[in-house]
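Okay, final.cif is below, mmCIF, C-alpha atoms:
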```cif
data_structure
loop_
_atom_site.label_atom_id
_atom_site.label_comp_id
_atom_site.auth_asym_id
_atom_site.auth_seq_id
_atom_site.Cartn_x
_atom_site.Cartn_y
_atom_site.Cartn_z
CA MET A 1 0.00 0.00 0.00
CA GLY A 2 2.77 2.38 0.88
CA LYS A 3 4.55 1.81 -2.41
CA THR A 4 1.79 2.99 -4.77
CA LYS A 5 2.36 6.44 -6.30
CA LYS A 6 0.50 9.19 -4.52
CA THR A 7 -1.58 11.68 -6.45
CA PRO A 8 -0.71 15.39 -5.99
CA GLU A 9 -3.87 15.82 -3.94
CA GLN A 10 -2.79 13.08 -1.55
CA LYS A 11 0.66 14.61 -1.24
CA SER A 12 -0.67 18.05 -0.43
CA TYR A 13 -3.08 16.51 2.06
CA GLN A 14 -0.21 14.71 3.75
CA LYS A 15 1.68 17.99 4.04
CA LEU A 16 -1.39 19.61 5.56
CA GLU A 17 -1.80 16.70 7.95
CA LYS A 18 1.83 16.91 9.03
CA LYS A 19 1.47 20.62 9.70
CA HIS A 20 -1.46 20.07 12.02
CA GLU A 21 -0.16 16.94 13.69
CA LEU A 22 0.59 17.47 17.36
CA LYS A 23 4.32 17.59 17.95
CA ARG A 24 5.27 15.06 20.57
CA PRO A 25 7.41 16.66 23.27
CA VAL A 26 10.05 13.93 22.92
CA GLY A 27 12.64 15.55 25.16
CA MET A 28 10.22 16.16 28.00
CA ASN A 29 8.71 12.67 27.67
CA CYS A 30 12.18 11.14 27.84
CA LEU A 31 13.05 13.16 30.94
CA LYS A 32 9.85 12.03 32.70
CA ALA A 33 10.44 8.42 31.64
CA PHE A 34 14.02 8.63 32.91
CA LEU A 35 13.04 10.02 36.31
CA VAL A 36 10.10 7.72 36.99
CA GLY A 37 11.79 4.63 35.54
CA GLY A 38 14.95 5.39 37.49
CA LEU A 39 12.94 5.87 40.67
CA ILE A 40 11.16 2.51 40.27
CA CYS A 41 14.53 0.80 39.73
CA THR A 42 15.96 2.54 42.81
CA ILE A 43 13.03 1.23 44.87
CA GLY A 44 13.87 -2.17 43.35
CA GLN A 45 17.47 -1.75 44.55
CA VAL A 46 16.25 -0.99 48.09
CA LEU A 47 14.17 -4.18 47.99
CA THR A 48 17.13 -6.15 46.61
CA TYR A 49 19.31 -5.11 49.57
CA PHE A 50 16.42 -5.84 51.94
CA TYR A 51 16.16 -9.43 50.64
CA ILE A 52 19.94 -9.91 50.69
CA TYR A 53 20.29 -8.81 54.30
CA TYR A 54 17.18 -10.27 55.90
CA PHE A 55 16.26 -13.34 53.81
CA ASN A 56 19.69 -14.73 52.80
CA PHE A 57 19.33 -14.17 49.09
CA THR A 58 22.50 -13.61 47.10
CA GLU A 59 23.16 -10.75 44.69
CA ALA A 60 22.29 -13.13 41.85
CA THR A 61 19.00 -14.48 43.23
CA ALA A 62 17.62 -11.37 44.97
CA GLY A 63 16.14 -10.17 41.69
CA ASN A 64 13.33 -12.75 41.92
CA PRO A 65 11.68 -11.66 45.20
CA THR A 66 12.30 -8.03 44.19
CA VAL A 67 10.28 -8.51 41.01
CA ALA A 68 7.49 -10.28 42.91
CA THR A 69 7.31 -7.49 45.50
CA LEU A 70 7.21 -4.79 42.82
CA ILE A 71 4.33 -6.61 41.11
CA PHE A 72 2.54 -6.69 44.48
CA PHE A 73 2.92 -2.91 44.73
CA ALA A 74 1.70 -2.65 41.14
CA MET A 75 -1.44 -4.60 42.15
CA LEU A 76 -2.24 -2.12 44.94
CA LEU A 77 -1.54 0.92 42.77
CA THR A 78 -3.56 -0.51 39.88
CA GLY A 79 -6.46 -1.45 42.13
CA PHE A 80 -6.68 2.02 43.64
CA GLY A 81 -6.44 3.56 40.17
CA VAL A 82 -3.13 5.32 40.82
CA TYR A 83 -1.04 3.47 38.25
CA ASP A 84 -3.01 4.90 35.33
CA HIS A 85 -2.14 8.42 36.46
CA ILE A 86 1.54 7.53 36.84
CA GLY A 87 1.41 5.98 33.36
CA GLN A 88 -0.08 9.12 31.81
CA PHE A 89 2.70 11.18 33.32
CA ALA A 90 5.64 8.83 32.81
CA GLY A 91 4.88 6.96 29.58
CA ALA A 92 7.54 4.30 29.12
CA GLY A 93 8.94 5.15 32.57
CA SER A 94 6.16 3.13 34.18
CA ALA A 95 5.57 0.67 31.31
CA VAL A 96 9.10 -0.67 30.86
CA PRO A 97 9.83 -1.70 34.49
CA VAL A 98 8.31 -5.01 35.54
CA THR A 99 5.57 -3.09 37.37
CA GLY A 100 4.21 -2.21 33.91
CA PHE A 101 3.99 -5.90 33.10
CA GLY A 102 2.18 -6.45 36.40
CA ASN A 103 -0.11 -3.52 35.69
CA ALA A 104 -1.02 -4.96 32.27
CA VAL A 105 -1.97 -8.34 33.79
CA ILE A 106 -3.76 -6.93 36.81
CA SER A 107 -5.74 -4.22 35.03
CA ALA A 108 -6.94 -6.78 32.45
CA SER A 109 -8.01 -9.11 35.29
CA ILE A 110 -9.90 -6.41 37.16
CA GLU A 111 -11.50 -5.06 34.00
CA HIS A 112 -12.94 -8.43 32.96
CA ARG A 113 -14.12 -9.69 36.35
CA SER A 114 -17.71 -8.78 35.49
CA GLU A 115 -17.61 -11.56 32.85
CA GLY A 116 -16.88 -14.10 35.57
CA PHE A 117 -13.73 -15.52 37.05
CA VAL A 118 -13.26 -18.38 34.60
CA LEU A 119 -14.03 -16.81 31.23
CA GLY A 120 -13.49 -13.18 32.21
CA VAL A 121 -10.46 -13.07 34.49
CA GLY A 122 -8.89 -16.35 33.42
CA GLY A 123 -9.42 -15.79 29.73
CA ASN A 124 -8.33 -12.17 29.54
CA MET A 125 -5.56 -11.97 32.13
CA PHE A 126 -2.77 -12.12 29.53
CA LYS A 127 -4.62 -10.16 26.87
CA LEU A 128 -2.06 -7.34 26.96
CA ALA A 129 0.92 -9.01 28.58
CA GLY A 130 0.73 -12.17 26.48
CA THR A 131 2.71 -10.64 23.64
CA VAL A 132 5.63 -9.98 25.98
CA VAL A 133 5.57 -13.59 27.17
CA LEU A 134 5.27 -14.93 23.62
CA PHE A 135 8.13 -12.97 22.10
CA GLY A 136 10.25 -13.37 25.24
CA VAL A 137 9.88 -17.14 25.12
CA PHE A 138 10.40 -17.39 21.37
CA ALA A 139 13.48 -15.14 21.36
CA ALA A 140 14.90 -16.94 24.39
CA PHE A 141 14.31 -20.30 22.69
CA VAL A 142 16.17 -19.24 19.54
CA VAL A 143 19.03 -17.60 21.45
CA ALA A 144 19.47 -20.50 23.87
CA LEU A 145 19.26 -23.04 21.05
CA ILE A 146 22.01 -21.26 19.10
CA ARG A 147 24.21 -20.96 22.18
CA THR A 148 23.70 -24.62 23.09
CA LEU A 149 24.39 -25.87 19.57
CA LEU A 150 27.50 -23.69 19.30
CA SER A 151 28.87 -25.00 22.56
CA MET A 152 28.05 -28.60 21.59
CA TRP A 153 30.01 -28.18 18.36
CA GLY A 154 32.82 -26.64 20.35
CA VAL A 155 32.66 -23.21 18.73
CA ILE A 156 32.41 -21.34 22.04
CA MET B 1 26.22 0.86 48.35
CA LEU B 2 25.21 4.44 47.51
CA ALA B 3 26.93 4.08 44.15
CA MET B 4 24.73 1.05 43.49
CA PHE B 5 21.56 3.13 44.06
CA PHE B 6 22.92 5.78 41.71
CA TRP B 7 23.69 3.31 38.92
CA ALA B 8 20.39 1.51 39.41
CA PHE B 9 18.65 4.86 38.91
CA VAL B 10 20.71 5.85 35.88
CA VAL B 11 20.69 2.51 34.05
CA GLY B 12 17.02 1.80 34.83
CA GLY B 13 16.11 5.30 33.72
CA ALA B 14 18.16 4.95 30.54
CA ILE B 15 16.38 1.71 29.56
CA CYS B 16 13.05 3.51 30.07
CA VAL B 17 14.28 6.36 27.84
CA ILE B 18 15.05 3.81 25.10
CA GLY B 19 11.46 2.59 25.51
CA GLN B 20 10.14 6.15 25.32
CA LEU B 21 12.17 6.81 22.15
CA LEU B 22 10.75 3.66 20.54
CA LEU B 23 7.27 4.96 21.42
CA ASP B 24 7.75 8.59 20.33
CA VAL B 25 10.33 8.52 17.57
CA GLY B 26 9.85 4.96 16.35
CA LYS B 27 6.03 5.41 16.63
CA LEU B 28 5.60 1.87 17.94
CA THR B 29 2.64 0.80 20.07
CA PRO B 30 3.37 -0.03 23.73
CA GLY B 31 2.97 -3.73 22.90
CA HIS B 32 5.56 -3.55 20.13
CA THR B 33 7.92 -1.53 22.34
CA LEU B 34 7.82 -4.00 25.23
CA SER B 35 8.20 -6.98 22.87
CA THR B 36 11.22 -5.32 21.25
CA LEU B 37 12.83 -4.72 24.64
CA VAL B 38 12.24 -8.32 25.76
CA VAL B 39 13.80 -9.67 22.56
CA ALA B 40 16.72 -7.24 23.00
CA GLY B 41 17.24 -8.55 26.55
CA ALA B 42 17.27 -12.14 25.32
CA ILE B 43 19.80 -11.36 22.57
CA LEU B 44 22.03 -9.37 24.94
CA ASP B 45 22.15 -12.34 27.30
CA GLY B 46 22.92 -14.63 24.38
CA LEU B 47 25.95 -12.44 23.67
CA GLY B 48 26.89 -12.54 27.35
CA LEU B 49 26.38 -8.81 27.85
CA TYR B 50 23.42 -8.69 30.23
CA GLU B 51 25.02 -10.38 33.23
CA PRO B 52 27.80 -7.74 33.49
CA LEU B 53 25.11 -5.05 33.36
CA ILE B 54 23.31 -6.66 36.33
CA ASP B 55 26.59 -6.81 38.28
CA PHE B 56 27.10 -3.14 37.52
CA ALA B 57 23.60 -1.71 37.97
CA GLY B 58 21.71 -4.23 40.13
CA ALA B 59 18.00 -3.51 40.07
CA GLY B 60 18.59 -0.99 37.29
CA ALA B 61 19.02 -4.02 35.05
CA THR B 62 16.80 -6.60 36.79
CA VAL B 63 13.65 -4.46 37.11
CA PRO B 64 13.10 -3.33 33.47
CA ILE B 65 11.31 -5.83 31.24
CA THR B 66 14.56 -6.55 29.32
CA SER B 67 15.58 -8.73 32.27
CA PHE B 68 12.61 -11.00 31.50
CA GLY B 69 14.23 -11.96 28.18
CA ASN B 70 17.55 -12.29 29.96
CA SER B 71 16.30 -14.66 32.64
CA LEU B 72 14.39 -16.80 30.13
CA VAL B 73 17.63 -17.38 28.22
CA HIS B 74 19.48 -17.90 31.47
CA GLY B 75 17.13 -20.61 32.69
CA ALA B 76 17.22 -22.35 29.32
CA LEU B 77 21.04 -22.31 29.19
CA GLN B 78 21.39 -23.51 32.77
CA GLU B 79 19.23 -26.52 32.10
CA ALA B 80 20.82 -27.10 28.68
CA GLU B 81 24.19 -27.48 30.36
CA LYS B 82 22.84 -30.39 32.39
CA HIS B 83 20.52 -32.12 29.94
CA GLY B 84 21.56 -30.99 26.48
CA LEU B 85 19.10 -29.72 23.91
CA VAL B 86 15.98 -30.81 25.83
CA GLY B 87 17.02 -28.44 28.59
CA VAL B 88 16.42 -25.44 26.33
CA LEU B 89 12.72 -26.20 26.53
CA THR B 90 12.44 -27.50 30.07
CA GLY B 91 14.58 -24.80 31.70
CA MET B 92 12.97 -21.79 30.05
CA PHE B 93 10.94 -20.61 33.07
CA GLU B 94 13.36 -21.87 35.72
CA VAL B 95 14.76 -18.46 36.70
CA THR B 96 11.89 -16.18 35.78
CA SER B 97 9.13 -18.13 37.51
CA SER B 98 8.68 -15.54 40.27
CA GLY B 99 7.66 -12.72 37.92
CA ILE B 100 5.09 -14.82 36.07
CA SER B 101 3.70 -16.47 39.22
CA ALA B 102 3.48 -13.13 40.99
CA ALA B 103 1.68 -11.54 38.03
CA ILE B 104 -0.86 -14.41 37.83
CA LEU B 105 -1.38 -14.62 41.59
CA PHE B 106 -1.68 -10.90 42.25
CA GLY B 107 -3.74 -10.44 39.09
CA PHE B 108 -6.28 -12.90 40.47
CA ILE B 109 -6.19 -11.47 43.99
CA GLY B 110 -6.59 -7.99 42.50
CA ALA B 111 -9.66 -9.14 40.56
CA LEU B 112 -11.07 -10.61 43.78
CA ILE B 113 -10.73 -7.49 45.91
CA PHE B 114 -10.93 -4.55 43.51
CA LYS B 115 -13.84 -3.39 41.38
CA PRO B 116 -13.28 -1.92 37.92
CA LYS B 117 -13.37 1.88 37.81
CA GLY B 118 -15.26 4.08 35.42
#
```

Let me see the file written as structure tokens.
Amino acid sequence: MGKTKKTPEQKSYQKLEKKHELKRPVGMNCLKAFLVGGLICTIGQVLTYFYIYYFNFTEATAGNPTVATLIFFAMLLTGFGVYDHIGQFAGAGSAVPVTGFGNAVISASIEHRSEGFVLGVGGNMFKLAGTVVLFGVFAAFVVALIRTLLSMWGVI
Amino acid sequence: MLAMFFWAFVVGGAICVIGQLLLDVGKLTPGHTLSTLVVAGAILDGLGLYEPLIDFAGAGATVPITSFGNSLVHGALQEAEKHGLVGVLTGMFEVTSSGISAAILFGFIGALIFKPKG
């Protein structure tokens, strides 16, 4: 579709459209994303140290309970409707950390509870987050397969 | 320890900025952005670059969604070392189980106690 020649009218319309298109404040958005995303990761670091000192996790394994705790916070914030406001302000700053993944699962669950727990919550839970799981698993499969084959053949 | 908080903030923030640039400049949808980041995390771990980043930035590297791709690869490789090719499949969720279980569990609990708004 994009490759067909455009008529002069279409071209002039596109110019007009571009002129009236809202400019995205990219710099400002990036600053907000940086601050909020950085803050969430700093909270994660506090939790990481907490689990290392009080629950005998190591530096390598403390990421797991940290992620679980952050998703718990995301549940509370999503349930009370706060996470949406953070998301409007921070954009990717609240979507990229794992809390955004939690928010996607939890908001879909809450939204569909009126359709029942089996078909509504169970069926729609991963409506938004499923794509992350799918492409994560597929990419990880390919990458791990290549690494394993290479090491079996003695390349690395 | 203070340096660790600083680097967690900077690296975590920087990964979020990459996400924001994909959204604003790349004009991707949030779904495409997050998928791209997860795939990037998996590839970085395949090249052996993500683990040093975690050592350096701690939660700055484990909290963003890129670490999901990283820990999927990590689990698969761990198991593959023990059981060969089958391990790639069976070990996939070994390391990352807590994030997925927490999301499912808290998603359900959230649906039990909260009512939809608006």

request  = Excluding Val143 of chain A and any residue of its chain fewer than 4 positions from it, enumerate the residues within 8 Å of it, using only C-alpha atoms, and give them as a PyMOL selection string.
outcome  = (chain A and resi 139+147) or (chain B and resi 42-43+46+73)

Tell me, counting all atoms listed in the file, for each residue of chain B within 7 Å of chain A, which pair of atoms is nearest and how far apart they are in Å to one decimal, in rows ordered by chain and increasing number, as a Markdown table.
```
| residue | atom | partner | partner_atom | distance |
| --- | --- | --- | --- | --- |
| B:Phe5 | CA | A:Thr42 | CA | 5.8 |
| B:Ala8 | CA | A:Thr42 | CA | 5.7 |
| B:Phe9 | CA | A:Gly38 | CA | 4.0 |
| B:Val10 | CA | A:Gly38 | CA | 6.0 |
| B:Gly12 | CA | A:Gly38 | CA | 4.9 |
| B:Gly13 | CA | A:Gly38 | CA | 3.9 |
| B:Ala14 | CA | A:Phe34 | CA | 6.0 |
| B:Cys16 | CA | A:Gly93 | CA | 5.1 |
| B:Val17 | CA | A:Cys30 | CA | 5.2 |
| B:Gly19 | CA | A:Ala92 | CA | 5.6 |
| B:Gln20 | CA | A:Ala92 | CA | 5.0 |
| B:Asp24 | CA | A:Val26 | CA | 6.4 |
| B:Gly31 | CA | A:Thr131 | CA | 7.0 |
| B:Leu34 | CA | A:Val132 | CA | 6.4 |
| B:Ser35 | CA | A:Val132 | CA | 5.0 |
| B:Val38 | CA | A:Gly136 | CA | 5.5 |
| B:Val39 | CA | A:Ala139 | CA | 5.6 |
| B:Ala42 | CA | A:Ala140 | CA | 5.4 |
| B:Ile43 | CA | A:Val143 | CA | 6.4 |
| B:Gly46 | CA | A:Val143 | CA | 5.7 |
| B:Gly58 | CA | A:Gln45 | CA | 6.6 |
| B:Ala59 | CA | A:Gln45 | CA | 4.8 |
| B:Gly60 | CA | A:Cys41 | CA | 5.1 |
| B:Thr62 | CA | A:Gly63 | CA | 6.1 |
| B:Val63 | CA | A:Pro97 | CA | 5.4 |
| B:Pro64 | CA | A:Pro97 | CA | 3.8 |
| B:Ile65 | CA | A:Val98 | CA | 5.3 |
| B:Gly69 | CA | A:Gly136 | CA | 5.1 |
| B:Leu72 | CA | A:Ala140 | CA | 5.8 |
| B:Val73 | CA | A:Ala140 | CA | 4.7 |
| B:Ala76 | CA | A:Ala144 | CA | 6.2 |
| B:Leu77 | CA | A:Ala144 | CA | 5.8 |
| B:Ala80 | CA | A:Thr148 | CA | 6.8 |
| B:Leu85 | CA | A:Thr148 | CA | 6.9 |
| B:Val88 | CA | A:Ala144 | CA | 6.3 |
| B:Ser98 | CA | A:Asn64 | CA | 5.7 |
| B:Gly99 | CA | A:Ala68 | CA | 5.6 |
| B:Ala102 | CA | A:Ala68 | CA | 5.3 |
| B:Ala103 | CA | A:Gly102 | CA | 5.4 |
| B:Phe106 | CA | A:Met75 | CA | 6.3 |
| B:Gly107 | CA | A:Ile106 | CA | 4.2 |
| B:Phe108 | CA | A:Ser109 | CA | 6.6 |
| B:Gly110 | CA | A:Met75 | CA | 6.2 |
| B:Ala111 | CA | A:Ile110 | CA | 4.4 |
| B:Phe114 | CA | A:Gly79 | CA | 5.6 |
| B:Lys115 | CA | A:Ile110 | CA | 6.5 |
| B:Pro116 | CA | A:Glu111 | CA | 5.3 |
```

task = Would you translate the PyMOL selection byres ((chain B and resi 92) around 6) into the concrete set of residues it matches in this file, as a PyMOL selection string?
result = chain B and resi 72+75-76+89-91+93-94

Those residues you just picked out, can you put them in a file as a short mmCIF file (atom, residue, chain, number, x, y, z; two decimals), keeping the file's coordinate frame with C-alpha atoms?
```
data_model
loop_
_atom_site.label_atom_id
_atom_site.label_comp_id
_atom_site.auth_asym_id
_atom_site.auth_seq_id
_atom_site.Cartn_x
_atom_site.Cartn_y
_atom_site.Cartn_z
CA LEU B 72 14.39 -16.80 30.13
CA GLY B 75 17.13 -20.61 32.69
CA ALA B 76 17.22 -22.35 29.32
CA LEU B 89 12.72 -26.20 26.53
CA THR B 90 12.44 -27.50 30.07
CA GLY B 91 14.58 -24.80 31.70
CA PHE B 93 10.94 -20.61 33.07
CA GLU B 94 13.36 -21.87 35.72
#
```

query = atom CA of Leu49 of chain B to atom CA of Tyr53 of chain A: how many Å, to one decimal?
reply = 27.1 Å

request  = Tell me, in Å to one decimal, how far atom CA of Asn70 of chain B is from atom CA of Ile86 of chain A.
outcome  = 26.4 Å

Take every atom of segment 106-109 of chain B listed in the file, pad by 5 Å on each side, and give me the axis-aligned box centre and edge lengths in Å, one decimal, as AutoDock Vina command-line options.
```
--center_x -4.0 --center_y -11.7 --center_z 41.5 --size_x 14.6 --size_y 12.5 --size_z 14.9
```

task = Counting all atoms listed in the file, figure out which residue out of B:Ile18, B:Val25, B:Ile54, B:Ala61 gets nearest to Leu37 of chain B.
result =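 Ranked by minimum distance to Leu37 of chain B, first place goes to B:Ile18.
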